[in-house]
>>> print(open('final_17.cif').read())   # mmCIF, C-alpha atoms
data_final
loop_
_atom_site.group_PDB
_atom_site.id
_atom_site.type_symbol
_atom_site.label_atom_id
_atom_site.label_comp_id
_atom_site.auth_asym_id
_atom_site.auth_seq_id
_atom_site.Cartn_x
_atom_site.Cartn_y
_atom_site.Cartn_z
ATOM 1 C CA MET A 1 99.755 126.279 73.544
ATOM 2 C CA ARG A 2 99.952 125.455 69.842
ATOM 3 C CA ALA A 3 103.676 124.681 69.927
ATOM 4 C CA ASP A 4 103.128 121.993 72.578
ATOM 5 C CA ARG A 5 100.241 120.571 70.564
ATOM 6 C CA LEU A 6 102.369 120.338 67.428
ATOM 7 C CA VAL A 7 105.052 118.454 69.340
ATOM 8 C CA SER A 8 102.435 116.100 70.773
ATOM 9 C CA LEU A 9 101.022 115.533 67.290
ATOM 10 C CA VAL A 10 104.425 114.528 65.943
ATOM 11 C CA LEU A 11 105.026 112.194 68.883
ATOM 12 C CA LEU A 12 101.629 110.541 68.452
ATOM 13 C CA LEU A 13 102.463 109.824 64.808
ATOM 14 C CA ARG A 14 105.901 108.534 65.813
ATOM 15 C CA GLN A 15 104.399 106.032 68.251
ATOM 16 C CA HIS A 16 101.332 104.906 66.312
ATOM 17 C CA GLY A 17 102.737 105.060 62.786
ATOM 18 C CA ARG A 18 99.493 106.265 61.216
ATOM 19 C CA LEU A 19 96.458 108.002 62.687
ATOM 20 C CA SER A 20 93.350 109.518 61.166
ATOM 21 C CA ALA A 21 92.431 113.157 61.687
ATOM 22 C CA THR A 22 89.568 112.007 63.911
ATOM 23 C CA ALA A 23 91.865 109.924 66.118
ATOM 24 C CA LEU A 24 94.377 112.774 66.389
ATOM 25 C CA ALA A 25 91.613 115.210 67.295
ATOM 26 C CA ARG A 26 90.433 112.865 70.039
ATOM 27 C CA GLU A 27 93.937 112.428 71.483
ATOM 28 C CA LEU A 28 94.727 116.152 71.369
ATOM 29 C CA GLU A 29 91.235 117.233 72.496
ATOM 30 C CA VAL A 30 90.757 119.590 69.540
ATOM 31 C CA SER A 31 88.598 119.643 66.388
ATOM 32 C CA THR A 32 89.529 117.807 63.198
ATOM 33 C CA ARG A 33 89.783 121.197 61.483
ATOM 34 C CA THR A 34 92.444 122.222 63.994
ATOM 35 C CA VAL A 35 94.322 118.974 63.308
ATOM 36 C CA LEU A 36 94.320 119.679 59.561
ATOM 37 C CA ARG A 37 95.665 123.186 60.164
ATOM 38 C CA ASP A 38 98.386 121.749 62.410
ATOM 39 C CA ILE A 39 99.348 119.205 59.747
ATOM 40 C CA GLU A 40 99.730 122.048 57.242
ATOM 41 C CA ALA A 41 101.878 123.984 59.725
ATOM 42 C CA LEU A 42 104.142 120.975 60.279
ATOM 43 C CA SER A 43 104.577 120.442 56.540
ATOM 44 C CA ALA A 44 105.444 124.099 56.083
ATOM 45 C CA ALA A 45 108.038 123.791 58.849
ATOM 46 C CA GLY A 46 109.733 120.871 57.070
ATOM 47 C CA VAL A 47 108.388 118.010 59.169
ATOM 48 C CA PRO A 48 107.952 115.028 56.772
ATOM 49 C CA VAL A 49 104.268 114.321 57.444
ATOM 50 C CA TYR A 50 102.111 112.970 54.617
ATOM 51 C CA ALA A 51 98.537 111.767 54.055
ATOM 52 C CA GLU A 52 97.549 108.250 53.035
ATOM 53 C CA ARG A 53 94.179 107.860 51.335
ATOM 54 C CA GLY A 54 91.740 104.999 51.631
ATOM 55 C CA ARG A 55 89.762 103.171 54.274
ATOM 56 C CA HIS A 56 92.778 102.614 56.521
ATOM 57 C CA GLY A 57 94.481 105.864 55.625
ATOM 58 C CA GLY A 58 95.480 108.773 57.780
ATOM 59 C CA PHE A 59 98.539 110.836 58.507
ATOM 60 C CA ALA A 60 102.025 109.450 58.990
ATOM 61 C CA LEU A 61 105.672 110.505 59.175
ATOM 62 C CA LEU A 62 108.413 109.381 56.841
ATOM 63 C CA PRO A 63 110.350 106.471 58.392
ATOM 64 C CA GLY A 64 113.398 107.462 60.408
ATOM 65 C CA PHE A 65 112.109 110.828 61.598
ATOM 66 C CA ARG A 66 112.884 110.822 65.323
ATOM 67 C CA THR A 67 115.127 112.111 68.063
ATOM 68 C CA GLU A 68 116.906 110.041 70.685
ATOM 69 C CA LEU A 69 117.455 110.723 74.342
ATOM 70 C CA THR A 70 120.690 109.014 75.307
ATOM 71 C CA GLY A 71 121.964 108.499 78.851
ATOM 72 C CA LEU A 72 118.794 106.820 80.181
ATOM 73 C CA ASN A 73 119.212 103.188 81.125
ATOM 74 C CA HIS A 74 116.340 100.699 81.254
ATOM 75 C CA GLU A 75 115.657 101.111 84.990
ATOM 76 C CA GLU A 76 115.615 104.923 84.726
ATOM 77 C CA ALA A 77 113.205 104.781 81.806
ATOM 78 C CA LEU A 78 110.954 102.369 83.721
ATOM 79 C CA ALA A 79 110.959 104.670 86.765
ATOM 80 C CA LEU A 80 109.790 107.596 84.630
ATOM 81 C CA LEU A 81 107.005 105.607 83.025
ATOM 82 C CA VAL A 82 105.772 104.241 86.362
ATOM 83 C CA ALA A 83 105.867 107.737 87.876
ATOM 84 C CA GLY A 84 103.608 108.824 85.053
ATOM 85 C CA SER A 85 100.842 106.543 86.333
ATOM 86 C CA ARG A 86 100.536 108.226 89.720
ATOM 87 C CA ARG A 87 97.633 110.404 90.830
ATOM 88 C CA GLY A 88 99.506 113.480 92.027
ATOM 89 C CA ALA A 89 99.532 115.270 88.693
ATOM 90 C CA GLN A 90 95.756 114.930 88.440
ATOM 91 C CA ALA A 91 95.254 116.441 91.886
ATOM 92 C CA PHE A 92 97.514 119.383 91.047
ATOM 93 C CA GLY A 93 96.041 120.063 87.618
ATOM 94 C CA LEU A 94 99.042 118.690 85.745
ATOM 95 C CA GLY A 95 97.415 115.610 84.211
ATOM 96 C CA SER A 96 97.580 116.744 80.590
ATOM 97 C CA ALA A 97 101.138 118.016 81.026
ATOM 98 C CA LEU A 98 102.192 114.676 82.521
ATOM 99 C CA ALA A 99 100.622 112.735 79.654
ATOM 100 C CA SER A 100 102.454 114.909 77.141
ATOM 101 C CA ALA A 101 105.745 114.512 79.006
ATOM 102 C CA MET A 102 105.427 110.723 79.129
ATOM 103 C CA LEU A 103 104.710 110.700 75.404
ATOM 104 C CA LYS A 104 107.928 112.612 74.781
ATOM 105 C CA VAL A 105 109.954 110.372 77.079
ATOM 106 C CA VAL A 106 108.778 107.183 75.354
ATOM 107 C CA ASP A 107 109.428 108.601 71.898
ATOM 108 C CA ALA A 108 112.907 109.822 72.815
ATOM 109 C CA LEU A 109 114.078 106.514 74.307
ATOM 110 C CA PRO A 110 116.607 104.487 72.352
ATOM 111 C CA GLU A 111 115.017 101.658 70.391
ATOM 112 C CA SER A 112 116.496 98.998 72.678
ATOM 113 C CA TYR A 113 114.797 100.473 75.766
ATOM 114 C CA ARG A 114 111.505 101.767 74.403
ATOM 115 C CA ASP A 115 109.517 98.569 73.942
ATOM 116 C CA THR A 116 110.773 96.717 77.019
ATOM 117 C CA ALA A 117 110.339 99.709 79.334
ATOM 118 C CA ALA A 118 106.830 100.424 78.080
ATOM 119 C CA ASP A 119 105.857 96.763 78.449
ATOM 120 C CA ALA A 120 107.287 96.555 81.971
ATOM 121 C CA ALA A 121 105.470 99.734 83.023
ATOM 122 C CA GLN A 122 102.166 98.108 82.012
ATOM 123 C CA ARG A 123 102.801 95.405 84.608
ATOM 124 C CA LEU A 124 103.044 97.809 87.564
ATOM 125 C CA LEU A 125 99.956 99.551 88.994
ATOM 126 C CA ILE A 126 100.251 102.497 91.364
ATOM 127 C CA GLU A 127 97.229 103.533 93.452
ATOM 128 C CA PRO A 128 94.360 101.945 91.484
ATOM 129 C CA ASP A 129 90.849 103.373 91.477
ATOM 130 C CA ALA A 130 89.540 100.597 93.757
ATOM 131 C CA ASP A 131 90.974 98.357 96.460
ATOM 132 C CA LEU A 132 90.486 94.612 96.905
ATOM 133 C CA LEU A 133 87.091 95.205 98.508
ATOM 134 C CA ALA A 134 85.949 97.094 95.380
ATOM 135 C CA ARG A 135 85.761 100.378 97.284
ATOM 136 C CA ARG A 136 86.281 103.111 94.733
ATOM 137 C CA LEU A 137 88.754 105.857 95.459
ATOM 138 C CA VAL A 138 87.178 109.008 94.087
ATOM 139 C CA ALA A 139 89.523 111.896 93.408
ATOM 140 C CA GLU A 140 87.985 115.279 94.131
ATOM 141 C CA GLU A 141 87.466 117.753 91.330
ATOM 142 C CA VAL A 142 89.306 121.070 91.647
ATOM 143 C CA PRO A 143 88.715 123.876 89.102
ATOM 144 C CA GLU A 144 91.732 124.151 86.814
ATOM 145 C CA ALA A 145 91.943 127.928 87.263
ATOM 146 C CA VAL A 146 92.073 127.536 91.046
ATOM 147 C CA VAL A 147 94.748 124.851 91.173
ATOM 148 C CA ALA A 148 96.831 126.694 88.554
ATOM 149 C CA GLU A 149 96.789 129.885 90.640
ATOM 150 C CA VAL A 150 97.701 127.966 93.799
ATOM 151 C CA ARG A 151 100.490 126.150 91.977
ATOM 152 C CA ARG A 152 101.941 129.405 90.641
ATOM 153 C CA ALA A 153 102.023 130.965 94.105
ATOM 154 C CA VAL A 154 103.706 127.887 95.585
ATOM 155 C CA PHE A 155 106.419 127.814 92.927
ATOM 156 C CA ALA A 156 106.965 131.589 92.826
ATOM 157 C CA GLY A 157 107.062 131.935 96.606
ATOM 158 C CA HIS A 158 104.312 134.569 96.690
ATOM 159 C CA LYS A 159 101.509 135.112 99.163
ATOM 160 C CA LEU A 160 98.148 133.663 98.177
ATOM 161 C CA ARG A 161 94.557 134.765 98.753
ATOM 162 C CA ILE A 162 92.078 131.905 98.885
ATOM 163 C CA HIS A 163 88.313 131.803 99.244
ATOM 164 C CA TYR A 164 88.150 128.768 101.503
ATOM 165 C CA ALA A 165 85.229 126.890 103.040
ATOM 166 C CA ALA A 166 86.232 124.995 106.177
ATOM 167 C CA VAL A 167 84.028 122.119 107.358
ATOM 168 C CA ASP A 168 80.572 123.367 108.419
ATOM 169 C CA GLN A 169 81.582 126.970 107.756
ATOM 170 C CA SER A 170 80.756 129.491 105.053
ATOM 171 C CA PRO A 171 83.605 130.437 102.672
ATOM 172 C CA LYS A 172 85.939 133.217 103.798
ATOM 173 C CA TRP A 173 88.823 135.041 102.142
ATOM 174 C CA ARG A 174 92.168 134.585 103.840
ATOM 175 C CA THR A 175 95.773 135.359 102.909
ATOM 176 C CA VAL A 176 98.328 132.594 103.439
ATOM 177 C CA ASP A 177 101.992 131.870 102.845
ATOM 178 C CA PRO A 178 102.099 128.710 100.687
ATOM 179 C CA VAL A 179 104.668 126.067 101.608
ATOM 180 C CA GLY A 180 103.923 123.159 99.275
ATOM 181 C CA LEU A 181 101.370 120.792 97.748
ATOM 182 C CA VAL A 182 100.652 117.234 98.887
ATOM 183 C CA THR A 183 98.451 114.539 97.361
ATOM 184 C CA VAL A 184 97.141 111.596 99.395
ATOM 185 C CA ARG A 185 94.941 108.917 97.772
ATOM 186 C CA GLY A 186 93.796 111.282 95.066
ATOM 187 C CA LEU A 187 93.102 114.220 97.416
ATOM 188 C CA GLY A 188 95.160 117.399 97.100
ATOM 189 C CA TYR A 189 96.225 119.610 100.005
ATOM 190 C CA LEU A 190 97.935 122.992 100.279
ATOM 191 C CA LEU A 191 100.408 123.253 103.138
ATOM 192 C CA ALA A 192 100.766 126.866 104.217
ATOM 193 C CA THR A 193 101.248 129.171 107.175
ATOM 194 C CA ARG A 194 98.945 131.951 108.304
ATOM 195 C CA SER A 195 100.174 134.565 110.758
ATOM 196 C CA GLY A 196 103.078 132.237 111.478
ATOM 197 C CA GLU A 197 100.856 129.227 112.314
ATOM 198 C CA ASP A 198 100.819 125.999 110.282
ATOM 199 C CA ARG A 199 97.685 125.501 108.199
ATOM 200 C CA THR A 200 96.519 122.711 105.867
ATOM 201 C CA TYR A 201 93.859 123.425 103.235
ATOM 202 C CA ARG A 202 91.983 120.877 101.114
ATOM 203 C CA LEU A 203 92.230 121.982 97.476
ATOM 204 C CA SER A 204 88.648 120.930 96.733
ATOM 205 C CA ARG A 205 87.407 123.445 99.328
ATOM 206 C CA ILE A 206 89.131 126.406 97.681
ATOM 207 C CA ALA A 207 86.474 128.177 95.603
ATOM 208 C CA ALA A 208 88.812 130.865 94.252
ATOM 209 C CA ALA A 209 92.488 131.793 94.521
ATOM 210 C CA GLU A 210 94.645 134.801 93.705
ATOM 211 C CA GLU A 211 98.447 134.926 93.624
ATOM 212 C CA LEU A 212 99.754 138.150 95.162
ATOM 213 C CA ASP A 213 102.922 140.038 94.293
ATOM 214 C CA GLU A 214 104.104 140.087 97.896
ATOM 215 C CA PRO A 215 106.776 137.475 98.740
ATOM 216 C CA ALA A 216 105.636 134.672 101.026
ATOM 217 C CA GLU A 217 107.124 134.414 104.480
ATOM 218 C CA ARG A 218 108.586 130.926 104.424
ATOM 219 C CA ARG A 219 111.846 129.045 104.751
ATOM 220 C CA GLU A 220 114.024 128.768 101.687
ATOM 221 C CA ARG A 221 114.061 124.965 101.859
ATOM 222 C CA VAL A 222 111.351 122.586 103.055
ATOM 223 C CA ASP A 223 111.071 118.875 103.815
ATOM 224 C CA LEU A 224 107.469 118.274 102.711
ATOM 225 C CA ASP A 225 107.436 114.655 103.847
ATOM 226 C CA ARG A 226 108.432 115.634 107.380
ATOM 227 C CA ALA A 227 106.032 118.599 107.397
ATOM 228 C CA TRP A 228 103.145 116.361 106.346
ATOM 229 C CA GLN A 229 103.999 113.746 108.974
ATOM 230 C CA GLU A 230 104.099 116.400 111.705
ATOM 231 C CA ARG A 231 100.757 117.887 110.677
ATOM 232 C CA SER A 232 99.169 114.466 110.386
ATOM 233 C CA THR A 233 100.345 113.596 113.889
ATOM 234 C CA ARG A 234 98.941 116.834 115.304
ATOM 235 C CA PHE A 235 95.619 116.153 113.575
ATOM 236 C CA ARG A 236 95.382 112.608 114.912
ATOM 237 C CA THR A 237 96.223 113.648 118.478
ATOM 238 C CA GLY A 238 93.917 116.656 118.543
ATOM 239 C CA GLY A 239 90.164 117.046 118.783
ATOM 240 C CA ASP A 240 87.773 115.237 121.140
ATOM 241 C CA GLN A 241 89.663 112.010 121.593
ATOM 242 C CA VAL A 242 87.949 108.973 123.073
ATOM 243 C CA ALA A 243 89.656 106.335 125.222
ATOM 244 C CA VAL A 244 88.210 102.827 124.990
ATOM 245 C CA LEU A 245 88.847 99.698 127.038
ATOM 246 C CA ALA A 246 87.984 96.614 124.987
ATOM 247 C CA ARG A 247 88.489 92.866 124.903
ATOM 248 C CA VAL A 248 89.535 91.634 121.445
ATOM 249 C CA HIS A 249 90.102 88.214 119.917
ATOM 250 C CA PRO A 250 93.831 87.912 119.046
ATOM 251 C CA ALA A 251 93.009 87.256 115.392
ATOM 252 C CA ARG A 252 91.339 90.679 115.121
ATOM 253 C CA ARG A 253 93.894 92.679 117.110
ATOM 254 C CA LYS A 254 95.542 94.061 113.977
ATOM 255 C CA ASP A 255 92.193 95.225 112.571
ATOM 256 C CA LEU A 256 91.320 97.206 115.688
ATOM 257 C CA VAL A 257 94.773 98.584 116.412
ATOM 258 C CA GLY A 258 95.168 99.576 112.777
ATOM 259 C CA THR A 259 92.229 101.998 113.062
ATOM 260 C CA ALA A 260 93.093 103.391 116.508
ATOM 261 C CA LEU A 261 95.184 106.483 117.166
ATOM 262 C CA THR A 262 97.254 105.006 119.994
ATOM 263 C CA VAL A 263 97.501 101.889 122.164
ATOM 264 C CA LEU A 264 97.796 102.941 125.812
ATOM 265 C CA ALA A 265 97.871 99.485 127.421
ATOM 266 C CA GLU A 266 97.630 95.817 126.494
ATOM 267 C CA GLU A 267 97.405 92.543 128.438
ATOM 268 C CA ILE A 268 96.141 88.979 127.981
ATOM 269 C CA ASP A 269 92.991 87.830 129.787
ATOM 270 C CA ALA A 270 92.587 84.342 131.249
ATOM 271 C CA ASP A 271 90.561 83.179 128.234
ATOM 272 C CA GLY A 272 93.308 84.222 125.804
ATOM 273 C CA TRP A 273 91.556 87.364 124.566
ATOM 274 C CA LEU A 274 93.466 90.647 124.615
ATOM 275 C CA ARG A 275 92.476 93.529 126.851
ATOM 276 C CA LEU A 276 93.371 96.755 125.047
ATOM 277 C CA GLU A 277 93.132 100.389 126.053
ATOM 278 C CA VAL A 278 93.109 102.427 122.832
ATOM 279 C CA THR A 279 92.205 105.940 121.733
ATOM 280 C CA PHE A 280 90.145 107.145 118.769
ATOM 281 C CA GLN A 281 89.743 110.544 117.123
ATOM 282 C CA ASP A 282 86.154 111.013 118.382
ATOM 283 C CA SER A 283 83.000 109.111 119.326
ATOM 284 C CA ARG A 284 81.988 108.422 115.726
ATOM 285 C CA HIS A 285 85.434 106.986 114.995
ATOM 286 C CA ALA A 286 85.194 104.725 118.066
ATOM 287 C CA VAL A 287 81.750 103.378 117.129
ATOM 288 C CA TRP A 288 82.855 102.701 113.547
ATOM 289 C CA ALA A 289 86.090 100.924 114.577
ATOM 290 C CA LEU A 290 84.466 98.584 117.115
ATOM 291 C CA TRP A 291 81.571 97.802 114.782
ATOM 292 C CA GLN A 292 84.061 96.546 112.151
ATOM 293 C CA VAL A 293 85.281 93.702 114.391
ATOM 294 C CA ALA A 294 81.706 92.637 115.245
ATOM 295 C CA ASP A 295 81.502 89.820 117.833
ATOM 296 C CA ASN A 296 85.291 89.476 117.925
ATOM 297 C CA ALA A 297 85.454 92.382 120.357
ATOM 298 C CA GLU A 298 83.661 93.518 123.502
ATOM 299 C CA VAL A 299 83.708 97.068 124.799
ATOM 300 C CA VAL A 300 84.308 97.188 128.558
ATOM 301 C CA ALA A 301 84.174 100.968 128.845
ATOM 302 C CA PRO A 302 82.844 103.594 128.321
ATOM 303 C CA GLN A 303 79.216 102.661 128.871
ATOM 304 C CA TRP A 304 77.885 105.012 126.170
ATOM 305 C CA LEU A 305 79.857 103.084 123.554
ATOM 306 C CA ARG A 306 78.478 99.746 124.774
ATOM 307 C CA THR A 307 74.970 101.191 124.573
ATOM 308 C CA SER A 308 75.530 102.583 121.084
ATOM 309 C CA LEU A 309 76.796 99.265 119.723
ATOM 310 C CA ARG A 310 73.989 97.335 121.450
ATOM 311 C CA ASP A 311 71.306 99.620 120.014
ATOM 312 C CA ARG A 312 72.770 99.356 116.535
ATOM 313 C CA ALA A 313 72.903 95.555 116.715
ATOM 314 C CA ALA A 314 69.332 95.422 118.073
ATOM 315 C CA ALA A 315 68.048 97.590 115.230
ATOM 316 C CA ILE A 316 69.638 95.304 112.621
ATOM 317 C CA ALA A 317 68.342 92.163 114.384
ATOM 318 C CA ALA A 318 64.833 93.621 114.441
ATOM 319 C CA ARG A 319 64.953 94.401 110.749
ATOM 320 C CA TYR A 320 65.800 90.794 109.878
ATOM 321 C CA ASP A 321 63.396 89.202 112.379
ATOM 322 C CA ASP A 322 61.076 87.064 110.207
ATOM 323 C CA SER A 323 58.623 86.600 113.063
ATOM 324 C CA CYS A 324 57.530 90.236 112.909
#
>>> encode(input="final_17.cif", output="structure tokens")
Amino acid sequence: MRADRLVSLVLLLRQHGRLSATALARELEVSTRTVLRDIEALSAAGVPVYAERGRHGGFALLPGFRTELTGLNHEEALALLVAGSRRGAQAFGLGSALASAMLKVVDALPESYRDTAADAAQRLLIEPDADLLARRLVAEEVPEAVVAEVRRAVFAGHKLRIHYAAVDQSPKWRTVDPVGLVTVRGLGYLLATRSGEDRTYRLSRIAAAEELDEPAERRERVDLDRAWQERSTRFRTGGDQVAVLARVHPARRKDLVGTALTVLAEEIDADGWLRLEVTFQDSRHAVWALWQVADNAEVVAPQWLRTSLRDRAAAIAARYDDSC
């Protein structure tokens, strides 16, 4: 909306002091012609914006033009700025709105808080794009029109039609009662019910969505954190679980247990290694988890898992055999 853009333009000038039309256009994601029209509109509305000519010229506001948001202490301001660095807004299609809101918060802070809060926020990083092993965390792309429609239905409490493609299935239309939205490591999920049963839908798998006029059948209040924990537990304990008996070096116990679903039994062997009975989501999960600890673990049972790990190790050894 143009009104929001005009506010953002004023706040950009407040924070940067002077910006060229090109820089403003880049920040606002519009053309330079649109920026010039907005500058004219602001001047007509009485906002003291003026142009400075020359190589380092641009647009600026007369000194002292600002508003102040009182009542925020330093810690509260810091909390808002740190919250603005989180991934959730991107997953729910609110990234641009969050950026605009943070701009307004910084500009409205009292002078004594603004610089110190902004500097402190730069020294805190929430959910970076890569971990210490340089593995990149790639957020999934969700069409803006889809996530906006889903978001409206969630907030309005209306039923929602989604064209959803489950894993290894063709997309199908289904009508759900939306409960809430959750983001985990850059991935967005819709928590809903369908015919009274709990359902969880990955936002990136929704090809189209339509908010309906009919009220959703849902509780008036919801504890999303508890709902997500319950659904996560059901997911981890469902499916074709695999039980594994393995001997593990004590130094690698945490690595193996950290990837398992449950630990059913544990004892110490005579050589000091640990004998663990653990469960995994499925066979692929079990193979992956035991392969990570390499020769610091030995599968006792089942035999198919021993065979799978042996064959994988033999294939790698053969590839690096210089005598061949």
>>> resolve_selection(input="final_17.cif", expression="the PyMOL selection byres ((chain A and resi 248-265) around 7)", output="PyMOL selection string")
chain A and resi 236+246-247+266+273-281+289+293+296-298
>>> atom_distance(input="final_17.cif", atom1="CA of Glu217 (chain A)", atom2="CA of Gly188 (chain A)")
22.1 Å
>>> atom_distance(input="final_17.cif", atom1="CA of Ala301 (chain A)", atom2="CA of Val244 (chain A)")
5.9 Å
>>> residues_around(input="final_17.cif", residues="Trp228 (chain A)", least_positions_apart="6", cutoff="12 Å", atoms="all atoms listed in the file", output="JSON, numbers by chain")
{"A": [179, 180, 181, 182, 183, 184, 189, 190, 191, 192, 198, 199, 200, 222, 234, 235]}
>>> resolve_selection(input="final_17.cif", expression="the PyMOL selection byres ((chain A and resi 308) around 12)", output="list in words")
Ser283, Arg284, Ala286, Val287, Trp288, Leu290, Trp291, Val299, Ala301, Pro302, Gln303, Trp304, Leu305, Arg306, Thr307, Leu309, Arg310, Asp311, Arg312, Ala313, Ala314 and Ala315 of chain A
>>> atom_distance(input="final_17.cif", atom1="CA of Arg55 (chain A)", atom2="CA of Gln15 (chain A)")
20.4 Å
>>> closest_residue(input="final_17.cif", among="A:Arg14, A:Arg26, A:Arg218, A:Lys172", to="His158 (chain A)", atoms="only C-alpha atoms")
A:Arg218
>>> residues_around(input="final_17.cif", residues="region 30-42 of chain A", least_positions_apart="3", cutoff="9 Å", atoms="all atoms listed in the file", output="ChimeraX atom specification")
/A:2,5-6,9-10,21-27,45-50,59
>>> residues_near_point(input="final_17.cif", point="(86.9, 121.5, 90.0)", cutoff="10 Å", atoms="all atoms listed in the file", output="JSON, numbers by chain")
{"A": [91, 93, 140, 141, 142, 143, 144, 145, 146, 147, 203, 204, 205, 206, 207]}
>>> closest_residue(input="final_17.cif", among="A:Arg202, A:Ala148, A:Glu211, A:Ala227", to="Gly186 (chain A)", atoms="all atoms listed in the file")
A:Arg202
>>> closest_residue(input="final_17.cif", among="A:Arg194, A:Arg185, A:Asp177, A:Ala208", to="His163 (chain A)", atoms="only C-alpha atoms")
A:Ala208
